[in-house]
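Data from query26.cif: mmCIF, C-alpha atoms
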data_target
#
loop_
_atom_site.label_atom_id
_atom_site.label_comp_id
_atom_site.auth_asym_id
_atom_site.auth_seq_id
_atom_site.Cartn_x
_atom_site.Cartn_y
_atom_site.Cartn_z
CA MET A 1 -203.17 -93.99 200.58
CA ARG A 2 -202.33 -91.96 203.63
CA CYS A 3 -203.04 -88.22 203.46
CA ASP A 4 -203.12 -85.37 205.97
CA ARG A 5 -206.75 -84.30 205.92
CA ILE A 6 -210.09 -85.27 204.39
CA TRP A 7 -213.22 -83.14 203.98
CA SER A 8 -216.46 -84.99 203.33
CA ASP A 9 -220.16 -84.23 202.93
CA ALA A 10 -219.32 -81.21 200.78
CA ARG A 11 -220.77 -79.69 197.64
CA LEU A 12 -217.95 -78.73 195.33
CA LEU A 13 -217.40 -76.22 192.57
CA THR A 14 -214.33 -77.91 191.12
CA LEU A 15 -214.01 -75.72 187.98
CA ALA A 16 -212.22 -78.74 186.51
CA ALA A 17 -211.86 -78.89 182.74
CA ASP A 18 -213.18 -82.46 182.57
CA ARG A 19 -216.49 -81.48 184.19
CA PRO A 20 -219.22 -79.33 182.61
CA ASP A 21 -219.87 -75.71 183.58
CA LEU A 22 -218.49 -75.06 187.09
CA GLY A 23 -217.79 -78.72 187.74
CA VAL A 24 -220.44 -79.16 190.42
CA VAL A 25 -220.17 -82.25 192.63
CA GLU A 26 -223.09 -82.65 195.02
CA ASP A 27 -221.72 -85.37 197.31
CA GLY A 28 -218.13 -84.21 197.33
CA PHE A 29 -214.94 -85.33 198.99
CA VAL A 30 -211.57 -83.52 199.13
CA ALA A 31 -208.30 -84.96 200.41
CA ALA A 32 -204.97 -83.16 200.90
CA LYS A 33 -201.38 -84.17 201.53
CA ASP A 34 -198.40 -81.86 201.97
CA GLY A 35 -200.54 -78.83 201.11
CA ARG A 36 -201.81 -80.21 197.81
CA ILE A 37 -205.01 -81.84 196.67
CA VAL A 38 -204.76 -85.59 196.14
CA TYR A 39 -208.46 -86.06 195.35
CA ALA A 40 -211.47 -83.79 194.74
CA GLY A 41 -214.66 -85.28 193.39
CA PRO A 42 -217.61 -87.55 194.15
CA ALA A 43 -217.33 -89.48 197.39
CA ASP A 44 -218.40 -92.67 195.60
CA ASP A 45 -215.45 -92.44 193.22
CA ALA A 46 -212.79 -91.65 195.81
CA PRO A 47 -209.85 -94.05 196.06
CA ALA A 48 -208.96 -95.73 199.33
CA LEU A 49 -207.75 -92.83 201.47
CA ASP A 50 -207.09 -92.46 205.15
CA ALA A 51 -206.18 -89.42 207.24
CA PRO A 52 -205.78 -88.57 210.93
CA ASP A 53 -208.07 -85.58 210.46
CA ARG A 54 -211.50 -86.10 208.86
CA ILE A 55 -213.91 -83.17 208.73
CA SER A 56 -217.57 -83.24 207.72
CA LEU A 57 -218.70 -80.01 206.08
CA ASP A 58 -222.40 -80.78 206.56
CA GLY A 59 -223.32 -80.02 202.99
CA ARG A 60 -221.50 -76.68 202.73
CA TRP A 61 -220.22 -75.46 199.36
CA VAL A 62 -216.48 -75.47 198.62
CA THR A 63 -214.71 -73.46 195.94
CA PRO A 64 -211.04 -73.02 195.18
CA GLY A 65 -209.51 -70.23 197.22
CA LEU A 66 -210.38 -66.99 195.44
CA ILE A 67 -207.77 -65.13 193.36
CA ASP A 68 -207.63 -61.35 193.01
CA CYS A 69 -205.56 -61.07 189.84
CA HIS A 70 -205.29 -57.26 189.53
CA THR A 71 -204.61 -54.98 192.50
CA HIS A 72 -202.53 -51.93 193.40
CA LEU A 73 -202.74 -52.85 197.07
CA VAL A 74 -199.37 -51.46 198.22
CA TYR A 75 -199.31 -47.68 198.67
CA ALA A 76 -199.48 -44.89 201.24
CA GLY A 77 -202.15 -42.25 201.81
CA ASP A 78 -205.58 -41.97 200.21
CA ARG A 79 -207.40 -39.86 197.65
CA ALA A 80 -210.68 -39.08 199.40
CA ASP A 81 -210.24 -35.41 198.49
CA GLU A 82 -210.25 -36.28 194.80
CA PHE A 83 -213.40 -38.31 195.32
CA GLU A 84 -215.05 -35.14 196.59
CA ARG A 85 -213.77 -33.21 193.57
CA ARG A 86 -215.24 -35.78 191.19
CA LEU A 87 -218.56 -35.52 193.02
CA ALA A 88 -218.39 -31.79 192.31
CA GLY A 89 -217.93 -32.45 188.59
CA ALA A 90 -214.20 -32.89 187.90
CA THR A 91 -213.24 -35.85 185.71
CA TYR A 92 -210.55 -38.41 186.45
CA GLU A 93 -208.55 -37.12 183.48
CA GLU A 94 -208.85 -33.48 184.60
CA ILE A 95 -207.58 -34.33 188.07
CA ALA A 96 -204.68 -36.34 186.65
CA ARG A 97 -203.62 -33.55 184.27
CA ALA A 98 -203.69 -31.06 187.19
CA GLY A 99 -201.08 -33.06 189.09
CA GLY A 100 -203.47 -35.20 191.12
CA GLY A 101 -204.46 -38.77 190.46
CA ILE A 102 -201.60 -41.25 190.40
CA LEU A 103 -199.00 -38.57 191.17
CA SER A 104 -200.80 -37.70 194.42
CA THR A 105 -200.28 -41.26 195.64
CA VAL A 106 -196.72 -41.21 194.33
CA ARG A 107 -195.88 -38.31 196.63
CA ALA A 108 -197.35 -40.08 199.68
CA THR A 109 -195.68 -43.40 198.86
CA ARG A 110 -192.26 -41.87 198.26
CA ALA A 111 -192.46 -40.32 201.73
CA ALA A 112 -193.38 -43.59 203.49
CA THR A 113 -191.05 -46.22 204.91
CA GLU A 114 -191.33 -49.85 203.86
CA GLU A 115 -192.62 -50.72 207.32
CA ALA A 116 -195.33 -48.06 207.13
CA ILE A 117 -196.41 -49.27 203.70
CA VAL A 118 -196.63 -52.87 204.89
CA SER A 119 -198.65 -51.85 207.95
CA ALA A 120 -201.14 -49.86 205.88
CA THR A 121 -201.46 -52.60 203.28
CA LEU A 122 -202.15 -55.39 205.77
CA ARG A 123 -205.50 -53.82 206.65
CA ARG A 124 -206.54 -53.89 203.00
CA LEU A 125 -205.19 -57.40 202.51
CA ASP A 126 -207.04 -58.69 205.57
CA ALA A 127 -210.34 -57.56 204.06
CA LEU A 128 -209.66 -59.69 200.99
CA LEU A 129 -208.53 -62.73 202.98
CA ALA A 130 -211.68 -62.55 205.12
CA GLU A 131 -213.69 -63.24 201.96
CA GLY A 132 -211.78 -66.36 200.96
CA VAL A 133 -208.99 -64.87 198.85
CA ALA A 134 -205.91 -67.09 198.80
CA THR A 135 -203.84 -65.47 196.04
CA VAL A 136 -203.38 -61.81 195.19
CA GLU A 137 -201.48 -59.98 192.47
CA ILE A 138 -199.93 -56.67 193.56
CA LYS A 139 -198.48 -54.02 191.25
CA SER A 140 -195.95 -51.33 191.99
CA GLY A 141 -196.31 -48.02 190.14
CA TYR A 142 -196.66 -45.54 193.00
CA GLY A 143 -192.96 -44.81 193.26
CA LEU A 144 -191.92 -44.01 189.69
CA ASP A 145 -188.34 -43.78 190.85
CA ARG A 146 -185.72 -46.43 191.50
CA ASP A 147 -185.82 -46.62 195.28
CA THR A 148 -189.57 -46.36 195.85
CA GLU A 149 -190.49 -48.87 193.16
CA LEU A 150 -188.09 -51.38 194.71
CA ARG A 151 -189.49 -50.55 198.16
CA GLN A 152 -193.03 -51.18 196.95
CA LEU A 153 -192.14 -54.56 195.50
CA ARG A 154 -190.27 -55.57 198.66
CA ALA A 155 -193.26 -54.49 200.76
CA ALA A 156 -195.60 -56.56 198.59
CA LYS A 157 -193.44 -59.64 198.99
CA ALA A 158 -193.21 -59.03 202.76
CA LEU A 159 -196.97 -59.45 203.07
CA ALA A 160 -196.59 -63.19 202.56
CA ARG A 161 -194.40 -63.33 205.67
CA HIS A 162 -197.15 -61.73 207.73
CA ARG A 163 -200.19 -63.57 206.32
CA GLN A 164 -201.03 -66.93 204.78
CA VAL A 165 -201.39 -65.73 201.20
CA GLU A 166 -199.67 -66.23 197.87
CA VAL A 167 -198.48 -62.90 196.45
CA HIS A 168 -197.60 -62.33 192.79
CA THR A 169 -195.78 -59.07 192.17
CA THR A 170 -195.86 -56.99 188.99
CA TYR A 171 -193.61 -54.06 188.09
CA LEU A 172 -195.71 -51.12 186.86
CA GLY A 173 -193.05 -48.47 186.45
CA ALA A 174 -194.83 -47.28 183.30
CA HIS A 175 -197.89 -46.17 185.27
CA ALA A 176 -197.48 -42.41 184.90
CA LEU A 177 -194.74 -39.97 184.00
CA PRO A 178 -193.04 -38.71 187.20
CA PRO A 179 -192.81 -34.92 187.55
CA GLU A 180 -189.01 -34.88 187.46
CA PHE A 181 -189.20 -36.32 183.92
CA ALA A 182 -191.97 -34.01 182.68
CA ALA A 183 -189.65 -32.64 179.99
CA GLY A 184 -187.88 -35.92 179.29
CA ARG A 185 -190.20 -38.86 178.56
CA ALA A 186 -187.48 -40.76 176.74
CA GLY A 187 -185.22 -40.50 179.76
CA TYR A 188 -187.84 -42.05 182.00
CA LEU A 189 -188.41 -44.91 179.58
CA ASP A 190 -184.63 -45.44 179.57
CA LEU A 191 -184.80 -45.83 183.36
CA VAL A 192 -187.74 -48.24 183.18
CA CYS A 193 -186.51 -50.37 180.29
CA ASP A 194 -182.74 -50.29 180.55
CA GLU A 195 -182.24 -50.23 184.32
CA MET A 196 -185.32 -51.16 186.32
CA ILE A 197 -186.68 -54.12 184.36
CA PRO A 198 -183.32 -55.94 184.16
CA ARG A 199 -182.63 -55.31 187.85
CA ILE A 200 -186.07 -56.45 188.97
CA ALA A 201 -185.72 -59.61 186.91
CA THR A 202 -182.25 -60.32 188.33
CA ASP A 203 -183.36 -59.68 191.90
CA GLY A 204 -186.56 -61.73 191.50
CA LEU A 205 -188.74 -58.88 192.76
CA ALA A 206 -191.50 -59.34 190.17
CA GLY A 207 -192.68 -62.00 187.77
CA ALA A 208 -194.41 -59.65 185.34
CA VAL A 209 -194.28 -56.15 183.88
CA ASP A 210 -197.38 -54.00 183.32
CA VAL A 211 -197.84 -50.75 181.42
CA PHE A 212 -200.67 -48.19 181.40
CA SER A 213 -201.26 -47.63 177.69
CA GLU A 214 -203.60 -44.67 177.46
CA ARG A 215 -203.68 -41.05 176.30
CA ILE A 216 -203.00 -39.79 179.86
CA ALA A 217 -200.18 -42.29 180.36
CA PHE A 218 -198.02 -44.01 177.71
CA THR A 219 -198.44 -44.28 173.96
CA PRO A 220 -198.65 -47.62 172.16
CA ALA A 221 -195.10 -47.12 170.86
CA GLU A 222 -193.83 -46.46 174.40
CA ALA A 223 -195.76 -49.44 175.74
CA GLU A 224 -194.23 -51.61 173.05
CA ARG A 225 -190.76 -50.61 174.17
CA VAL A 226 -191.63 -51.64 177.74
CA PHE A 227 -192.98 -54.97 176.52
CA ALA A 228 -189.86 -55.62 174.47
CA ALA A 229 -187.68 -55.00 177.53
CA ALA A 230 -189.87 -57.27 179.66
CA ARG A 231 -189.71 -60.06 177.12
CA ALA A 232 -185.95 -59.73 176.85
CA ALA A 233 -185.70 -60.02 180.65
CA GLY A 234 -187.88 -63.13 180.72
CA LEU A 235 -190.78 -61.44 182.53
CA ALA A 236 -194.46 -61.95 181.73
CA ARG A 237 -196.41 -59.06 180.21
CA LYS A 238 -199.68 -57.42 181.28
CA VAL A 239 -201.32 -54.17 180.18
CA HIS A 240 -203.87 -51.59 181.33
CA ALA A 241 -205.58 -51.36 177.96
CA ASP A 242 -208.32 -49.34 176.28
CA GLN A 243 -209.83 -48.03 179.53
CA LEU A 244 -210.62 -44.49 178.33
CA THR A 245 -210.06 -44.79 174.57
CA ASP A 246 -209.39 -47.49 172.01
CA GLY A 247 -205.64 -47.10 171.87
CA GLY A 248 -204.94 -50.56 170.51
CA GLY A 249 -203.73 -51.84 173.87
CA ALA A 250 -205.50 -55.19 173.56
CA ALA A 251 -203.92 -55.90 170.19
CA LEU A 252 -200.51 -54.86 171.56
CA ALA A 253 -200.96 -57.25 174.48
CA ALA A 254 -201.78 -60.06 172.09
CA ARG A 255 -198.81 -59.31 169.85
CA TYR A 256 -196.44 -59.68 172.80
CA GLY A 257 -198.12 -62.78 174.23
CA ALA A 258 -199.33 -60.95 177.31
CA LEU A 259 -200.97 -62.98 180.05
CA SER A 260 -203.77 -60.45 180.26
CA ALA A 261 -205.17 -57.17 179.06
CA ASP A 262 -207.12 -55.34 181.77
CA HIS A 263 -210.02 -52.82 181.78
CA LEU A 264 -210.86 -53.00 178.02
CA GLU A 265 -213.95 -50.77 178.00
CA TYR A 266 -213.10 -49.40 174.55
CA THR A 267 -211.50 -52.46 172.97
CA SER A 268 -212.48 -52.96 169.33
CA GLU A 269 -213.62 -56.20 167.71
CA ALA A 270 -210.19 -56.44 166.11
CA GLY A 271 -208.59 -56.18 169.54
CA VAL A 272 -210.85 -58.93 170.88
CA ALA A 273 -209.98 -61.16 167.92
CA ALA A 274 -206.27 -60.61 168.54
CA MET A 275 -206.65 -61.54 172.20
CA ALA A 276 -208.57 -64.68 171.26
CA ALA A 277 -205.86 -65.78 168.85
CA ALA A 278 -203.12 -65.15 171.41
CA GLY A 279 -204.90 -66.70 174.40
CA THR A 280 -204.71 -63.41 176.32
CA VAL A 281 -207.13 -63.19 179.25
CA ALA A 282 -209.53 -60.25 179.57
CA VAL A 283 -209.42 -58.97 183.16
CA LEU A 284 -212.60 -57.02 183.89
CA LEU A 285 -212.46 -54.34 186.58
CA PRO A 286 -216.00 -53.22 187.40
CA GLY A 287 -214.92 -51.37 190.55
CA ALA A 288 -213.13 -48.71 188.50
CA TYR A 289 -215.98 -48.56 185.99
CA TYR A 290 -218.45 -47.95 188.81
CA PHE A 291 -216.32 -45.55 190.83
CA LEU A 292 -215.43 -43.39 187.83
CA ARG A 293 -219.04 -43.48 186.62
CA GLU A 294 -218.06 -44.73 183.19
CA THR A 295 -220.76 -45.47 180.63
CA GLN A 296 -219.13 -47.76 178.06
CA ALA A 297 -218.85 -51.34 179.29
CA PRO A 298 -216.26 -53.82 178.01
CA PRO A 299 -217.32 -55.84 174.92
CA VAL A 300 -218.38 -58.90 176.91
CA ALA A 301 -220.52 -60.30 174.08
CA HIS A 302 -217.50 -60.28 171.74
CA PHE A 303 -215.33 -61.95 174.39
CA ARG A 304 -217.93 -64.70 174.72
CA ARG A 305 -218.37 -65.14 170.99
CA LEU A 306 -214.64 -65.52 170.33
CA GLY A 307 -213.88 -67.52 173.47
CA VAL A 308 -211.69 -64.97 175.27
CA PRO A 309 -211.39 -66.04 178.94
CA MET A 310 -212.73 -63.41 181.35
CA ALA A 311 -211.34 -62.85 184.83
CA VAL A 312 -212.78 -60.47 187.44
CA ALA A 313 -210.66 -58.49 189.91
CA THR A 314 -210.99 -55.62 192.38
CA ASP A 315 -208.36 -53.27 190.88
CA SER A 316 -207.97 -52.20 194.51
CA ASN A 317 -206.28 -48.80 194.43
CA PRO A 318 -206.66 -45.42 196.14
CA GLY A 319 -207.88 -43.38 193.19
CA SER A 320 -210.25 -45.21 190.87
CA SER A 321 -211.27 -48.37 192.73
CA PRO A 322 -210.85 -48.26 196.54
CA LEU A 323 -212.43 -51.71 196.65
CA THR A 324 -211.31 -54.53 198.95
CA SER A 325 -214.14 -56.98 198.32
CA LEU A 326 -213.86 -59.58 195.57
CA LEU A 327 -217.42 -60.67 196.36
CA LEU A 328 -218.67 -57.17 195.58
CA ALA A 329 -216.52 -57.12 192.43
CA MET A 330 -218.46 -60.17 191.24
CA ASN A 331 -221.77 -58.49 191.94
CA LEU A 332 -220.67 -55.39 190.04
CA ALA A 333 -219.47 -57.52 187.11
CA ALA A 334 -222.85 -59.23 186.95
CA THR A 335 -224.91 -56.07 187.43
CA LEU A 336 -222.92 -53.62 185.31
CA PHE A 337 -221.31 -55.90 182.70
CA ARG A 338 -224.03 -58.60 182.61
CA LEU A 339 -221.71 -61.50 183.35
CA THR A 340 -223.49 -64.69 184.36
CA VAL A 341 -223.06 -66.24 187.80
CA ASP A 342 -220.89 -68.96 186.28
CA GLU A 343 -218.70 -66.39 184.52
CA CYS A 344 -218.23 -64.42 187.73
CA LEU A 345 -217.27 -67.47 189.79
CA ALA A 346 -214.91 -68.76 187.13
CA GLY A 347 -213.53 -65.22 186.83
CA VAL A 348 -212.25 -65.13 190.42
CA THR A 349 -210.90 -68.70 190.39
CA ARG A 350 -209.96 -70.54 187.19
CA GLU A 351 -209.71 -67.56 184.83
CA ALA A 352 -207.96 -65.41 187.43
CA ALA A 353 -205.36 -68.17 187.76
CA ARG A 354 -205.03 -68.21 183.98
CA ALA A 355 -204.47 -64.42 184.02
CA LEU A 356 -201.55 -64.89 186.42
CA GLY A 357 -200.09 -67.87 184.55
CA ILE A 358 -200.65 -70.22 187.51
CA LEU A 359 -203.49 -72.41 186.24
CA ASP A 360 -201.23 -75.44 186.49
CA SER A 361 -201.11 -75.03 190.28
CA ALA A 362 -204.23 -73.12 191.38
CA GLY A 363 -207.72 -72.00 190.41
CA THR A 364 -209.52 -75.35 190.36
CA LEU A 365 -210.07 -78.30 192.69
CA GLU A 366 -207.97 -80.98 191.02
CA PRO A 367 -205.25 -83.40 192.14
CA GLY A 368 -201.79 -81.85 192.25
CA LYS A 369 -202.99 -78.30 192.79
CA VAL A 370 -202.50 -76.35 196.00
CA CYS A 371 -205.16 -77.10 198.59
CA ASP A 372 -206.49 -73.57 199.04
CA LEU A 373 -210.22 -73.80 199.73
CA ALA A 374 -213.03 -71.42 200.53
CA VAL A 375 -215.89 -73.07 202.47
CA TRP A 376 -219.19 -71.21 202.28
CA ASP A 377 -222.40 -71.12 204.32
CA ILE A 378 -224.72 -70.79 201.33
CA GLU A 379 -227.56 -72.76 199.77
CA ARG A 380 -226.53 -72.15 196.15
CA PRO A 381 -223.47 -70.68 194.40
CA ALA A 382 -225.46 -67.72 193.02
CA GLU A 383 -225.52 -66.26 196.55
CA LEU A 384 -221.82 -65.42 196.25
CA VAL A 385 -222.65 -63.07 193.38
CA TYR A 386 -226.12 -61.97 194.41
CA ARG A 387 -225.60 -60.60 197.91
CA ILE A 388 -224.17 -57.13 198.63
CA GLY A 389 -222.25 -56.40 201.83
CA PHE A 390 -222.65 -59.94 203.16
CA ASN A 391 -219.82 -62.38 203.74
CA PRO A 392 -220.88 -66.04 203.99
CA LEU A 393 -217.38 -67.47 204.34
CA TYR A 394 -217.31 -70.34 206.86
CA ARG A 395 -213.61 -71.25 206.72
CA ARG A 396 -210.60 -70.35 204.59
CA VAL A 397 -208.23 -73.28 204.09
CA TRP A 398 -204.64 -72.41 203.25
CA ARG A 399 -202.36 -75.14 201.88
CA GLY A 400 -204.52 -77.88 203.33
CA VAL A 401 -204.59 -76.60 206.93
CA TRP A 402 -208.02 -76.43 208.60
CA PRO A 403 -208.09 -73.22 210.67
CA THR A 404 -209.33 -73.18 214.23
CA PRO A 405 -212.43 -70.98 214.78
#

As structure tokens - that is how I would like this structure written.
Amino acid sequence: MRCDRIWSDARLLTLAADRPDLGVVEDGFVAAKDGRIVYAGPADDAPALDAPDRISLDGRWVTPGLIDCHTHLVYAGDRADEFERRLAGATYEEIARAGGGILSTVRATRAATEEAIVSATLRRLDALLAEGVATVEIKSGYGLDRDTELRQLRAAKALARHRQVEVHTTYLGAHALPPEFAAGRAGYLDLVCDEMIPRIATDGLAGAVDVFSERIAFTPAEAERVFAAARAAGLARKVHADQLTDGGGAALAARYGALSADHLEYTSEAGVAAMAAAGTVAVLLPGAYYFLRETQAPPVAHFRRLGVPMAVATDSNPGSSPLTSLLLAMNLAATLFRLTVDECLAGVTREAARALGILDSAGTLEPGKVCDLAVWDIERPAELVYRIGFNPLYRRVWRGVWPTP
């Protein structure tokens, strides 16, 4: 069989379901054609393949391109001043209730042009790509009005025209209550559910809808209305759940067949059981946990016991997780949440793909999937989780194309 490119003398983390653990292949071989993998496995088992471009990786490790499955990457401004206030003793909730927090970024984002937002975001995106990220999910939620939310989603989609990256957009209109609706919550939910969600679905601006279900954001009943509108529009569901309190967000996510429930520090055993039954992925966000100096970690032991898949993401945002390193997110997940090395690596590849609903096309090294690879200068996979502030990426392969140095 003729293909476009072959990589040999590689050690692979295939993450394939038919291989144990991380699917390690010591003497590995990967072949690509038309941007997709045609073979990934032991060199001795490879079919007869030929390619004009054959590359020896000299024993380097290869993983699927990394996936950051929860970010708020598109926004304007920063919140360094609030960081100083928290250092002085203010809590995240106190700042939010005083008109800061999310609404501070809303004001800056509403004032910015689409071009300015794209320019600012590219710097953050480049930091992720430099560490082997191939796919990124980006939420809106810093507009909270019709025009700015649409502008955010357009800006997120524009990133894929500037960089070699797959972008998945999520509408997070139910992120906070905008000040102009302070006395009319129902009116804002009318805007989100009756106007914005149907329009976004029709225009193809997002594939999913998220909601922040928390005491400082939206009640479970309000979140349920958002989910019902999303389901009616044919959009996937995701939820910021149980971050500050056990508000039943995980169970709500499960009831509506959500792809993922994210944060989950206060999720109950009943919520975990509901997620397990529904196949909802737990997206762990240790950057926010660390930055906000939280003390209650997500119920990782319950997730393991009931078989809930766990993804790991940066939650990159200006207020609670100004993190643009998925490698550091893995280290934090291991150190703060006690995830194993295998769980961390699966969490930014296979399980992250599951959380975005794209496991059929990404997240593992298997025939038919996109050929997005991260090639690493490491001796063992644990180094990707163990090191802090060190980037061992050798090459990032996008859709089967070997980049020039």

Which one of A:Asp203, A:Ala297, A:Cys3, A:Glu265 sits closest to Arg338 (chain A) if you count all atoms listed in the file?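 Smallest distance to Arg338 (chain A) is found for A:Ala297.
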
One number please: CA of Arg380 (chain A) to CA of Pro367 (chain A), in Å, one decimal.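 Between these atoms lies a distance of 24.4 Å.
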
Residues picked by the PyMOL selection byres ((chain A and resi 130) around 10) here, as a list in words?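 Selected by the PyMOL selection byres ((chain A and resi 130) around 10) in this file: Leu125, Asp126, Ala127, Leu128, Leu129, Glu131, Gly132, Val133, Ala134, Ser325, Asn391, Pro392, Leu393, Tyr394, Arg395 and Arg396 of chain A.
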
Selected by the PyMOL selection byres ((chain A and resi 353-366) around 9) in the shown coordinates: which residues, as a ChimeraX atom specification? /A:12-17,30,37-41,63-69,135,137,168,208,236,238,259-261,280-283,309-311,346-352,367-373

Taking every listed atom of region 161-179 of chain A and adding 6 Å to each side, what centre and edge lengths in Å (one decimal) does the axis-aligned box have, as JSON?
{"center_x": -197.1, "center_y": -50.9, "center_z": 195.5, "size_x": 20.6, "size_y": 44.0, "size_z": 36.4}

Choose the residue, out of A:Gly400, A:Val136, A:Leu150, A:Val308, that has the smallest atom-to-atom separation from Leu326 (chain A); count all atoms listed in the file.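 For Leu326 (chain A), the nearest of the given residues is A:Val136.
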
Go through the shown structure with the PyMOL selection byres ((chain A and resi 78) around 8) and write out the matching residues as a list in words. Ala76, Gly77, Arg79, Ala80, Thr105, Pro318 and Gly319 of chain A

Near region 242-254 of chain A, counting only C-alpha atoms, which residues have an atom at most 9 Å away, once you skip same-chain residues fewer than 5 positions from it, shown as a ChimeraX atom specification? /A:212-215,219-220,223-224,227,237,259-268,270-280,282,289,294,298
